[in-house]
$ cat query-v6.csv   # CSV, N, CA and C atoms and all ligand atoms
chain,number,residue,atom,x,y,z
B,1043,MET,N,153.5,134.5,165.9
B,1043,MET,CA,154.1,133.2,165.5
B,1043,MET,C,153.3,132.0,166.2
B,1044,ASN,N,153.0,132.2,167.5
B,1044,ASN,CA,152.3,131.1,168.1
B,1044,ASN,C,150.9,130.8,167.5
B,1045,ASN,N,150.3,131.9,166.9
B,1045,ASN,CA,149.0,131.7,166.2
B,1045,ASN,C,149.1,130.6,165.2
B,1046,ILE,N,150.2,130.5,164.5
B,1046,ILE,CA,150.4,129.5,163.5
B,1046,ILE,C,150.2,128.1,164.1
B,1047,LEU,N,150.9,128.0,165.3
B,1047,LEU,CA,150.9,126.7,165.9
B,1047,LEU,C,149.5,126.3,166.4
B,1048,GLU,N,148.7,127.3,166.7
B,1048,GLU,CA,147.3,127.1,167.2
B,1048,GLU,C,146.4,126.5,166.1
B,1049,THR,N,146.8,126.7,164.8
B,1049,THR,CA,146.0,126.1,163.8
B,1049,THR,C,146.1,124.6,163.7
B,1050,TYR,N,147.1,124.0,164.4
B,1050,TYR,CA,147.4,122.6,164.4
B,1050,TYR,C,147.0,122.0,165.7
B,1051,GLN,N,145.9,121.2,165.7
B,1051,GLN,CA,145.4,120.6,166.9
B,1051,GLN,C,145.5,119.1,166.7
B,1052,LYS,N,146.2,118.5,167.7
B,1052,LYS,CA,146.2,117.0,167.7
B,1052,LYS,C,144.9,116.4,167.5
B,1053,THR,N,144.7,115.4,166.7
B,1053,THR,CA,143.4,114.8,166.4
B,1053,THR,C,143.5,113.3,166.6
B,1054,THR,N,142.7,112.7,167.4
B,1054,THR,CA,142.6,111.3,167.6
B,1054,THR,C,141.6,110.7,166.6
B,1055,ILE,N,141.7,109.5,166.4
B,1055,ILE,CA,140.8,108.9,165.4
B,1055,ILE,C,139.3,109.0,165.9
B,1056,ASP,N,139.0,109.0,167.2
B,1056,ASP,CA,137.7,109.2,167.7
B,1056,ASP,C,137.1,110.6,167.4
B,1057,GLU,N,138.0,111.6,167.2
B,1057,GLU,CA,137.6,113.0,167.0
B,1057,GLU,C,137.4,113.3,165.6
B,1058,VAL,N,137.7,112.4,164.6
B,1058,VAL,CA,137.7,112.8,163.2
B,1058,VAL,C,136.3,113.1,162.7
B,1059,THR,N,136.1,114.2,162.1
B,1059,THR,CA,134.8,114.5,161.5
B,1059,THR,C,135.0,114.6,160.0
B,1060,VAL,N,136.2,114.8,159.5
B,1060,VAL,CA,136.4,114.8,158.0
B,1060,VAL,C,137.6,114.0,157.7
B,1061,TRP,N,137.4,113.0,156.7
B,1061,TRP,CA,138.6,112.3,156.2
B,1061,TRP,C,138.9,112.9,154.9
B,1062,PHE,N,140.0,113.7,154.9
B,1062,PHE,CA,140.4,114.4,153.7
B,1062,PHE,C,141.2,113.5,152.7
B,1063,LYS,N,140.7,113.4,151.5
B,1063,LYS,CA,141.4,112.6,150.5
B,1063,LYS,C,142.7,113.3,150.0
B,1064,ALA,N,143.8,112.9,150.4
B,1064,ALA,CA,145.1,113.6,150.2
B,1064,ALA,C,145.7,113.3,148.8
B,1065,ALA,N,145.9,112.1,148.5
B,1065,ALA,CA,146.6,111.7,147.3
B,1065,ALA,C,146.6,110.2,147.2
B,1066,THR,N,147.3,109.6,146.2
B,1066,THR,CA,147.4,108.2,146.1
B,1066,THR,C,148.6,107.7,146.9
B,1067,THR,N,148.6,106.5,147.3
B,1067,THR,CA,149.7,106.0,148.1
B,1067,THR,C,151.1,106.2,147.3
B,1068,LEU,N,151.0,106.1,146.0
B,1068,LEU,CA,152.2,106.2,145.2
B,1068,LEU,C,152.8,107.6,145.2
B,1069,ASP,N,152.1,108.6,145.7
B,1069,ASP,CA,152.6,110.0,145.8
B,1069,ASP,C,153.5,110.2,147.0
B,1070,PHE,N,153.6,109.2,147.8
B,1070,PHE,CA,154.5,109.3,149.0
B,1070,PHE,C,155.6,108.3,148.9
B,1071,PRO,N,156.9,108.8,149.0
B,1071,PRO,CA,158.0,107.9,148.9
B,1071,PRO,C,158.0,106.9,150.1
B,1072,GLU,N,158.5,105.7,149.8
B,1072,GLU,CA,158.6,104.7,150.8
B,1072,GLU,C,159.6,105.2,151.9
B,1073,ASN,N,159.2,105.0,153.1
B,1073,ASN,CA,160.0,105.4,154.2
B,1073,ASN,C,160.4,106.9,154.2
B,1074,GLY,N,159.5,107.7,153.7
B,1074,GLY,CA,159.7,109.1,153.6
B,1074,GLY,C,158.4,109.8,153.7
B,1075,GLY,N,158.5,111.2,153.5
B,1075,GLY,CA,157.3,112.0,153.7
B,1075,GLY,C,157.1,112.9,152.5
B,1076,ALA,N,155.9,113.5,152.5
B,1076,ALA,CA,155.5,114.5,151.6
B,1076,ALA,C,154.5,115.4,152.3
B,1077,CYS,N,154.4,116.6,151.7
B,1077,CYS,CA,153.5,117.6,152.4
B,1077,CYS,C,152.2,117.7,151.6
B,1078,ILE,N,151.1,117.8,152.3
B,1078,ILE,CA,149.8,118.1,151.7
B,1078,ILE,C,149.2,119.3,152.3
B,1079,LYS,N,148.2,119.9,151.7
B,1079,LYS,CA,147.6,121.1,152.2
B,1079,LYS,C,146.1,120.8,152.5
B,1080,TYR,N,145.7,121.1,153.6
B,1080,TYR,CA,144.3,121.0,154.0
B,1080,TYR,C,143.9,122.3,154.6
B,1081,LYS,N,142.9,123.0,154.0
B,1081,LYS,CA,142.5,124.4,154.4
B,1081,LYS,C,143.8,125.2,154.5
B,1082,ASP,N,144.0,125.8,155.7
B,1082,ASP,CA,145.2,126.6,155.9
B,1082,ASP,C,146.4,125.9,156.5
B,1083,LYS,N,146.3,124.6,156.5
B,1083,LYS,CA,147.3,123.8,157.2
B,1083,LYS,C,148.2,123.1,156.2
B,1084,GLN,N,149.5,123.0,156.5
B,1084,GLN,CA,150.4,122.1,155.8
B,1084,GLN,C,150.7,120.9,156.7
B,1085,ILE,N,150.4,119.8,156.1
B,1085,ILE,CA,150.5,118.5,156.9
B,1085,ILE,C,151.5,117.6,156.3
B,1086,ALA,N,152.4,117.1,157.1
B,1086,ALA,CA,153.4,116.1,156.6
B,1086,ALA,C,152.8,114.7,156.8
B,1087,VAL,N,152.9,114.0,155.7
B,1087,VAL,CA,152.4,112.6,155.7
B,1087,VAL,C,153.5,111.7,155.4
B,1088,PHE,N,153.7,110.6,156.2
B,1088,PHE,CA,154.8,109.7,156.1
B,1088,PHE,C,154.3,108.3,155.8
B,1089,ASN,N,155.0,107.7,154.8
B,1089,ASN,CA,154.8,106.3,154.5
B,1089,ASN,C,155.9,105.5,155.1
B,1090,PHE,N,155.6,105.0,156.3
B,1090,PHE,CA,156.6,104.3,157.1
B,1090,PHE,C,156.6,102.9,156.7
B,1091,ALA,N,157.1,102.6,155.5
B,1091,ALA,CA,156.9,101.2,154.9
B,1091,ALA,C,157.6,100.2,155.7
B,1092,ARG,N,158.7,100.5,156.3
B,1092,ARG,CA,159.4,99.5,157.2
B,1092,ARG,C,158.5,99.0,158.3
B,1093,LYS,N,157.6,99.8,158.8
B,1093,LYS,CA,156.7,99.4,159.8
B,1093,LYS,C,155.3,99.1,159.2
B,1094,ASN,N,155.2,99.3,157.9
B,1094,ASN,CA,153.9,99.1,157.3
B,1094,ASN,C,152.8,100.0,157.9
B,1095,LYS,N,153.2,101.3,158.2
B,1095,LYS,CA,152.3,102.2,158.9
B,1095,LYS,C,152.4,103.6,158.2
B,1096,TRP,N,151.3,104.4,158.4
B,1096,TRP,CA,151.3,105.7,157.9
B,1096,TRP,C,151.1,106.7,159.0
B,1097,TYR,N,151.7,107.9,158.9
B,1097,TYR,CA,151.6,108.9,160.0
B,1097,TYR,C,151.4,110.2,159.3
B,1098,ALA,N,150.8,111.1,160.1
B,1098,ALA,CA,150.6,112.5,159.7
B,1098,ALA,C,150.8,113.4,160.8
B,1099,CYS,N,151.4,114.6,160.6
B,1099,CYS,CA,151.6,115.6,161.6
B,1099,CYS,C,151.7,117.0,161.0
B,1100,GLN,N,151.7,118.0,161.8
B,1100,GLN,CA,151.9,119.3,161.3
B,1100,GLN,C,153.3,119.4,160.6
B,1101,ASN,N,153.4,120.2,159.5
B,1101,ASN,CA,154.6,120.3,158.8
B,1101,ASN,C,155.6,121.3,159.4
B,1102,ILE,N,155.0,122.1,160.3
B,1102,ILE,CA,155.8,123.2,160.9
B,1102,ILE,C,156.6,122.6,162.1
B,1103,CYS,N,157.9,122.9,162.1
B,1103,CYS,CA,158.7,122.5,163.3
B,1103,CYS,C,158.5,123.6,164.3
B,1104,PRO,N,158.2,123.2,165.6
B,1104,PRO,CA,158.0,124.3,166.6
B,1104,PRO,C,159.3,124.9,167.1
B,1105,HIS,N,160.4,124.4,166.6
B,1105,HIS,CA,161.7,125.0,167.0
B,1105,HIS,C,161.9,126.3,166.4
B,1106,LYS,N,162.0,126.4,165.1
B,1106,LYS,CA,162.2,127.7,164.5
B,1106,LYS,C,161.1,128.0,163.5
B,1107,MET,N,160.0,127.4,163.6
B,1107,MET,CA,158.8,127.6,162.8
B,1107,MET,C,159.1,127.4,161.3
B,1108,GLU,N,159.8,126.5,161.0
B,1108,GLU,CA,160.1,126.2,159.6
B,1108,GLU,C,159.1,125.1,159.1
B,1109,MET,N,158.7,125.2,157.9
B,1109,MET,CA,157.7,124.2,157.3
B,1109,MET,C,158.6,123.1,156.7
B,1110,VAL,N,159.1,122.2,157.5
B,1110,VAL,CA,160.1,121.3,157.0
B,1110,VAL,C,159.9,119.8,157.4
B,1111,LEU,N,159.0,119.5,158.3
B,1111,LEU,CA,159.0,118.2,158.9
B,1111,LEU,C,158.8,117.1,157.9
B,1112,SER,N,158.1,117.4,156.8
B,1112,SER,CA,157.8,116.4,155.8
B,1112,SER,C,159.1,115.9,155.1
B,1113,ARG,N,160.1,116.7,155.2
B,1113,ARG,CA,161.4,116.4,154.6
B,1113,ARG,C,162.4,115.8,155.7
B,1114,GLY,N,161.8,115.5,156.8
B,1114,GLY,CA,162.7,114.9,157.9
B,1114,GLY,C,162.9,113.4,157.7
B,1115,MET,N,163.9,112.9,158.4
B,1115,MET,CA,164.2,111.5,158.4
B,1115,MET,C,163.3,110.8,159.4
B,1116,ILE,N,162.7,109.7,159.0
B,1116,ILE,CA,161.9,109.0,160.0
B,1116,ILE,C,162.7,107.8,160.5
B,1117,GLY,N,162.4,107.4,161.7
B,1117,GLY,CA,163.1,106.3,162.3
B,1117,GLY,C,162.3,105.8,163.5
B,1118,ASP,N,163.0,105.0,164.3
B,1118,ASP,CA,162.3,104.3,165.4
B,1118,ASP,C,163.2,104.5,166.6
B,1119,GLN,N,162.5,104.8,167.7
B,1119,GLN,CA,163.2,105.0,169.0
B,1119,GLN,C,162.5,104.2,170.0
B,1120,ALA,N,163.0,103.0,170.4
B,1120,ALA,CA,162.4,102.1,171.3
B,1120,ALA,C,161.0,101.8,170.9
B,1121,GLY,N,160.8,101.5,169.7
B,1121,GLY,CA,159.5,101.1,169.2
B,1121,GLY,C,158.6,102.2,168.8
B,1122,ILE,N,159.0,103.5,169.1
B,1122,ILE,CA,158.2,104.6,168.8
B,1122,ILE,C,158.6,105.2,167.4
B,1123,ALA,N,157.7,105.4,166.5
B,1123,ALA,CA,158.0,106.0,165.2
B,1123,ALA,C,158.3,107.5,165.5
B,1124,LYS,N,159.4,108.0,164.8
B,1124,LYS,CA,159.7,109.4,165.1
B,1124,LYS,C,160.2,110.0,163.8
B,1125,VAL,N,160.2,111.4,163.8
B,1125,VAL,CA,160.7,112.1,162.7
B,1125,VAL,C,161.7,113.1,163.3
B,1126,ALA,N,162.8,113.2,162.5
B,1126,ALA,CA,163.9,114.2,162.9
B,1126,ALA,C,163.8,115.4,162.0
B,1127,CYS,N,163.6,116.6,162.5
B,1127,CYS,CA,163.6,117.8,161.7
B,1127,CYS,C,164.9,117.9,160.9
B,1128,PRO,N,164.8,118.2,159.6
B,1128,PRO,CA,166.1,118.3,158.8
B,1128,PRO,C,166.9,119.5,159.2
B,1129,MET,N,166.3,120.5,159.9
B,1129,MET,CA,167.1,121.7,160.2
B,1129,MET,C,168.1,121.5,161.3
B,1130,HIS,N,167.6,121.1,162.5
B,1130,HIS,CA,168.5,121.0,163.7
B,1130,HIS,C,168.3,119.7,164.4
B,1131,LYS,N,167.7,118.8,163.7
B,1131,LYS,CA,167.6,117.4,164.2
B,1131,LYS,C,166.8,117.2,165.5
B,1132,LYS,N,165.8,118.1,165.8
B,1132,LYS,CA,164.9,117.9,166.9
B,1132,LYS,C,164.0,116.7,166.5
B,1133,THR,N,163.8,115.8,167.4
B,1133,THR,CA,163.0,114.6,167.0
B,1133,THR,C,161.6,114.6,167.7
B,1134,PHE,N,160.6,114.1,167.0
B,1134,PHE,CA,159.3,114.1,167.6
B,1134,PHE,C,158.7,112.7,167.3
B,1135,SER,N,157.9,112.3,168.3
B,1135,SER,CA,157.2,111.0,168.2
B,1135,SER,C,156.1,111.3,167.1
B,1136,LEU,N,156.0,110.3,166.2
B,1136,LEU,CA,154.9,110.4,165.3
B,1136,LEU,C,153.6,109.7,165.9
B,1137,GLU,N,153.8,109.1,167.0
B,1137,GLU,CA,152.6,108.5,167.7
B,1137,GLU,C,151.8,109.5,168.5
B,1138,ASN,N,152.5,110.4,169.3
B,1138,ASN,CA,151.8,111.3,170.1
B,1138,ASN,C,152.4,112.7,170.0
B,1139,GLY,N,153.3,113.0,169.1
B,1139,GLY,CA,153.8,114.3,168.9
B,1139,GLY,C,154.9,114.8,169.8
B,1140,GLU,N,155.2,114.0,170.9
B,1140,GLU,CA,156.1,114.5,171.9
B,1140,GLU,C,157.5,114.8,171.3
B,1141,ASN,N,158.1,115.9,171.8
B,1141,ASN,CA,159.5,116.1,171.5
B,1141,ASN,C,160.4,115.2,172.2
B,1142,LEU,N,161.1,114.3,171.5
B,1142,LEU,CA,161.9,113.2,172.2
B,1142,LEU,C,163.3,113.7,172.6
B,1143,ASN,N,163.8,114.8,172.2
B,1143,ASN,CA,165.2,115.1,172.6
B,1143,ASN,C,165.2,116.6,173.0
B,1144,GLY,N,164.2,117.0,173.7
B,1144,GLY,CA,164.2,118.4,174.2
B,1144,GLY,C,162.9,118.7,174.9
B,1145,ASP,N,162.7,120.0,175.0
B,1145,ASP,CA,161.4,120.4,175.7
B,1145,ASP,C,160.6,121.3,174.9
B,1146,LEU,N,160.6,121.1,173.6
B,1146,LEU,CA,159.7,121.9,172.7
B,1146,LEU,C,158.3,121.4,172.9
B,1147,PRO,N,157.3,122.3,172.5
B,1147,PRO,CA,156.0,121.8,172.6
B,1147,PRO,C,155.7,120.6,171.6
B,1148,PRO,N,154.8,119.8,171.9
B,1148,PRO,CA,154.5,118.6,171.0
B,1148,PRO,C,154.0,119.1,169.7
B,1149,ILE,N,154.2,118.3,168.7
B,1149,ILE,CA,153.6,118.6,167.4
B,1149,ILE,C,152.2,117.9,167.3
B,1150,ALA,N,151.4,118.5,166.5
B,1150,ALA,CA,150.0,117.9,166.3
B,1150,ALA,C,150.1,116.7,165.4
B,1151,THR,N,149.5,115.6,165.8
B,1151,THR,CA,149.5,114.4,164.9
B,1151,THR,C,148.0,114.2,164.5
B,1152,TYR,N,147.9,113.5,163.4
B,1152,TYR,CA,146.6,113.2,162.8
B,1152,TYR,C,146.5,111.8,162.3
B,1153,PRO,N,145.3,111.2,162.4
B,1153,PRO,CA,145.2,109.8,161.9
B,1153,PRO,C,145.2,109.7,160.4
B,1154,VAL,N,145.7,108.6,159.9
B,1154,VAL,CA,145.8,108.4,158.5
B,1154,VAL,C,145.1,107.0,158.2
B,1155,LYS,N,144.3,107.0,157.1
B,1155,LYS,CA,143.8,105.7,156.7
B,1155,LYS,C,144.0,105.5,155.2
B,1156,ILE,N,144.1,104.3,154.8
B,1156,ILE,CA,144.3,104.0,153.4
B,1156,ILE,C,143.1,103.1,152.9
B,1157,GLU,N,142.5,103.6,151.8
B,1157,GLU,CA,141.4,102.9,151.2
B,1157,GLU,C,141.6,102.9,149.7
B,1158,ASN,N,141.6,101.7,149.1
B,1158,ASN,CA,141.7,101.7,147.6
B,1158,ASN,C,142.9,102.5,147.1
B,1159,ASN,N,144.0,102.3,147.8
B,1159,ASN,CA,145.3,103.0,147.4
B,1159,ASN,C,145.2,104.6,147.5
B,1160,MET,N,144.2,105.0,148.2
B,1160,MET,CA,144.1,106.5,148.4
B,1160,MET,C,144.5,106.7,149.9
B,1161,VAL,N,145.1,107.9,150.1
B,1161,VAL,CA,145.5,108.2,151.5
B,1161,VAL,C,144.6,109.3,152.0
B,1162,TYR,N,144.0,109.0,153.2
B,1162,TYR,CA,143.1,110.0,153.8
B,1162,TYR,C,143.7,110.4,155.2
B,1163,VAL,N,143.6,111.7,155.4
B,1163,VAL,CA,144.0,112.2,156.7
B,1163,VAL,C,142.8,112.7,157.5
B,1164,GLY,N,142.8,112.4,158.8
B,1164,GLY,CA,141.6,112.8,159.5
B,1164,GLY,C,141.7,114.1,160.3
B,1165,PHE,N,140.7,114.9,160.2
B,1165,PHE,CA,140.7,116.2,160.8
B,1165,PHE,C,139.4,116.4,161.6
B,1166,LYS,N,139.4,117.3,162.6
B,1166,LYS,CA,138.2,117.5,163.4
B,1166,LYS,C,137.7,118.9,163.1
B,1167,ASP,N,138.3,119.6,162.1
B,1167,ASP,CA,137.8,121.0,161.8
B,1167,ASP,C,138.0,121.2,160.3
T,1,LIG,S1,163.7,124.2,162.8
T,1,LIG,FE1,163.3,122.1,163.3
T,1,LIG,S2,164.9,121.5,164.6
T,1,LIG,FE2,165.2,123.6,164.2
$ encode --input "query-v6.csv" --output "structure tokens"
Amino acid sequence: MNNILETYQKTTIDEVTVWFKAATTLDFPENGGACIKYKDKQIAVFNFARKNKWYACQNICPHKMEMVLSRGMIGDQAGIAKVACPMHKKTFSLENGENLNGDLPPIATYPVKIENNMVYVGFKD
């Protein structure tokens, strides 16, 4: 099981070697998420319209290894954008992946950029 988690490595904007063209901005609901596939990874991408920001993270929740985070509710906790897993409401920072209401391992986060209404997610592999 943990092998699956190892395919997801937090990526900072400085580490990006590939900007993957995911979809158009209209393919993502406002203030919600959708799942994209890059190689063997499922990535949750969030259009956090209320903050005018985009976020991406692994779709797999480290709690019970469910591929569900793209369907989670997004919100704000003391200024930190977060996603709540729809299964058991574990919440994770979309800024750095930290589990905000428990001691689960952090989720991998990825940079997102928007160019000409296209959504790109940054990867280092
Ligand atoms: S599977 Fe995500 S909180 Fe349980």
$ closest_residue --input "query-v6.csv" --among "B:Thr1151, B:Asn1045, B:Asn1089, B:Asn1141" --to "ligand LIG 1 (chain T)" --atoms "only C-alpha atoms and all ligand atoms"
B:Asn1141
$ residues_around --input "query-v6.csv" --residues "B:Asn1073" --least-positions-apart "2" --cutoff "7 Å" --atoms "only N, CA and C atoms" --output "count of residues only"
9
$ residues_around --input "query-v6.csv" --residues "B:Val1060" --least-positions-apart "3" --cutoff "7 Å" --atoms "only N, CA and C atoms" --output "NGL selection string"
:B and (1057 or 1063 or 1163-1167)
$ residues_near_ligand --input "query-v6.csv" --ligand "ligand LIG 1 (chain T)" --cutoff "5 Å" --atoms "only N, CA and C atoms and all ligand atoms" --output "JSON list (two decimals) with N, CA and C atoms, in the coordinates of the input"
[["chain", "number", "residue", "atom", "x", "y", "z"],
["B", 1103, "CYS", "N", 157.90, 122.90, 162.10],
["B", 1103, "CYS", "CA", 158.70, 122.50, 163.30],
["B", 1103, "CYS", "C", 158.50, 123.60, 164.30],
["B", 1105, "HIS", "N", 160.40, 124.40, 166.60],
["B", 1105, "HIS", "CA", 161.70, 125.00, 167.00],
["B", 1105, "HIS", "C", 161.90, 126.30, 166.40],
["B", 1106, "LYS", "N", 162.00, 126.40, 165.10],
["B", 1106, "LYS", "CA", 162.20, 127.70, 164.50],
["B", 1106, "LYS", "C", 161.10, 128.00, 163.50],
["B", 1107, "MET", "N", 160.00, 127.40, 163.60],
["B", 1107, "MET", "CA", 158.80, 127.60, 162.80],
["B", 1107, "MET", "C", 159.10, 127.40, 161.30],
["B", 1108, "GLU", "N", 159.80, 126.50, 161.00],
["B", 1108, "GLU", "CA", 160.10, 126.20, 159.60],
["B", 1108, "GLU", "C", 159.10, 125.10, 159.10],
["B", 1127, "CYS", "N", 163.60, 116.60, 162.50],
["B", 1127, "CYS", "CA", 163.60, 117.80, 161.70],
["B", 1127, "CYS", "C", 164.90, 117.90, 160.90],
["B", 1129, "MET", "N", 166.30, 120.50, 159.90],
["B", 1129, "MET", "CA", 167.10, 121.70, 160.20],
["B", 1129, "MET", "C", 168.10, 121.50, 161.30],
["B", 1130, "HIS", "N", 167.60, 121.10, 162.50],
["B", 1130, "HIS", "CA", 168.50, 121.00, 163.70],
["B", 1130, "HIS", "C", 168.30, 119.70, 164.40],
["B", 1131, "LYS", "N", 167.70, 118.80, 163.70],
["B", 1131, "LYS", "CA", 167.60, 117.40, 164.20],
["B", 1131, "LYS", "C", 166.80, 117.20, 165.50],
["B", 1132, "LYS", "N", 165.80, 118.10, 165.80],
["B", 1132, "LYS", "CA", 164.90, 117.90, 166.90],
["B", 1132, "LYS", "C", 164.00, 116.70, 166.50]]
$ residues_near_point --input "query-v6.csv" --point "(157.3, 117.2, 152.1)" --cutoff "7 Å" --atoms "all atoms listed in the file" --output "PDB file with N, CA and C atoms, in the coordinates of the input"
ATOM      1  N   GLY B1075     158.500 111.200 153.500  1.00  0.00           N
ATOM      2  CA  GLY B1075     157.300 112.000 153.700  1.00  0.00           C
ATOM      3  C   GLY B1075     157.100 112.900 152.500  1.00  0.00           C
ATOM      4  N   ALA B1076     155.900 113.500 152.500  1.00  0.00           N
ATOM      5  CA  ALA B1076     155.500 114.500 151.600  1.00  0.00           C
ATOM      6  C   ALA B1076     154.500 115.400 152.300  1.00  0.00           C
ATOM      7  N   CYS B1077     154.400 116.600 151.700  1.00  0.00           N
ATOM      8  CA  CYS B1077     153.500 117.600 152.400  1.00  0.00           C
ATOM      9  C   CYS B1077     152.200 117.700 151.600  1.00  0.00           C
ATOM     10  N   ILE B1078     151.100 117.800 152.300  1.00  0.00           N
ATOM     11  CA  ILE B1078     149.800 118.100 151.700  1.00  0.00           C
ATOM     12  C   ILE B1078     149.200 119.300 152.300  1.00  0.00           C
ATOM     13  N   ALA B1086     152.400 117.100 157.100  1.00  0.00           N
ATOM     14  CA  ALA B1086     153.400 116.100 156.600  1.00  0.00           C
ATOM     15  C   ALA B1086     152.800 114.700 156.800  1.00  0.00           C
ATOM     16  N   VAL B1087     152.900 114.000 155.700  1.00  0.00           N
ATOM     17  CA  VAL B1087     152.400 112.600 155.700  1.00  0.00           C
ATOM     18  C   VAL B1087     153.500 111.700 155.400  1.00  0.00           C
ATOM     19  N   VAL B1110     159.100 122.200 157.500  1.00  0.00           N
ATOM     20  CA  VAL B1110     160.100 121.300 157.000  1.00  0.00           C
ATOM     21  C   VAL B1110     159.900 119.800 157.400  1.00  0.00           C
ATOM     22  N   LEU B1111     159.000 119.500 158.300  1.00  0.00           N
ATOM     23  CA  LEU B1111     159.000 118.200 158.900  1.00  0.00           C
ATOM     24  C   LEU B1111     158.800 117.100 157.900  1.00  0.00           C
ATOM     25  N   SER B1112     158.100 117.400 156.800  1.00  0.00           N
ATOM     26  CA  SER B1112     157.800 116.400 155.800  1.00  0.00           C
ATOM     27  C   SER B1112     159.100 115.900 155.100  1.00  0.00           C
ATOM     28  N   ARG B1113     160.100 116.700 155.200  1.00  0.00           N
ATOM     29  CA  ARG B1113     161.400 116.400 154.600  1.00  0.00           C
ATOM     30  C   ARG B1113     162.400 115.800 155.700  1.00  0.00           C
ATOM     31  N   GLY B1114     161.800 115.500 156.800  1.00  0.00           N
ATOM     32  CA  GLY B1114     162.700 114.900 157.900  1.00  0.00           C
ATOM     33  C   GLY B1114     162.900 113.400 157.700  1.00  0.00           C
TER      34      GLY B1114
END
$ atom_distance --input "query-v6.csv" --atom1 "atom CA of B:Gly1117" --atom2 "atom CA of B:Phe1062"
25.6 Å
$ build_atoms --input "query-v6.csv" --residues "stretch 1116-1121 of chain B" --atoms "all heavy atoms" --output "CSV table (one decimal), in the frame of the given file"
chain,number,residue,atom,x,y,z
B,1116,ILE,N,162.7,109.7,159.0
B,1116,ILE,CA,161.9,109.0,160.0
B,1116,ILE,C,162.7,107.8,160.5
B,1116,ILE,O,163.6,107.3,159.8
B,1116,ILE,CB,160.5,108.5,159.4
B,1116,ILE,CG1,160.7,107.7,158.1
B,1116,ILE,CG2,159.6,109.7,159.2
B,1116,ILE,CD1,159.4,107.2,157.6
B,1117,GLY,N,162.4,107.4,161.7
B,1117,GLY,CA,163.1,106.3,162.3
B,1117,GLY,C,162.3,105.8,163.5
B,1117,GLY,O,161.1,106.1,163.6
B,1118,ASP,N,163.0,105.0,164.3
B,1118,ASP,CA,162.3,104.3,165.4
B,1118,ASP,C,163.2,104.5,166.6
B,1118,ASP,O,164.4,104.3,166.6
B,1118,ASP,CB,162.3,102.8,165.0
B,1118,ASP,CG,161.6,102.0,166.0
B,1118,ASP,OD1,162.1,101.7,167.1
B,1118,ASP,OD2,160.4,101.6,165.8
B,1119,GLN,N,162.5,104.8,167.7
B,1119,GLN,CA,163.2,105.0,169.0
B,1119,GLN,C,162.5,104.2,170.0
B,1119,GLN,O,161.4,104.5,170.4
B,1119,GLN,CB,163.2,106.5,169.4
B,1119,GLN,CG,164.0,106.8,170.7
B,1119,GLN,CD,164.2,108.2,170.9
B,1119,GLN,OE1,164.6,109.0,169.9
B,1119,GLN,NE2,164.1,108.7,172.1
B,1120,ALA,N,163.0,103.0,170.4
B,1120,ALA,CA,162.4,102.1,171.3
B,1120,ALA,C,161.0,101.8,170.9
B,1120,ALA,O,160.1,101.8,171.8
B,1120,ALA,CB,162.5,102.7,172.7
B,1121,GLY,N,160.8,101.5,169.7
B,1121,GLY,CA,159.5,101.1,169.2
B,1121,GLY,C,158.6,102.2,168.8
B,1121,GLY,O,157.5,102.0,168.3
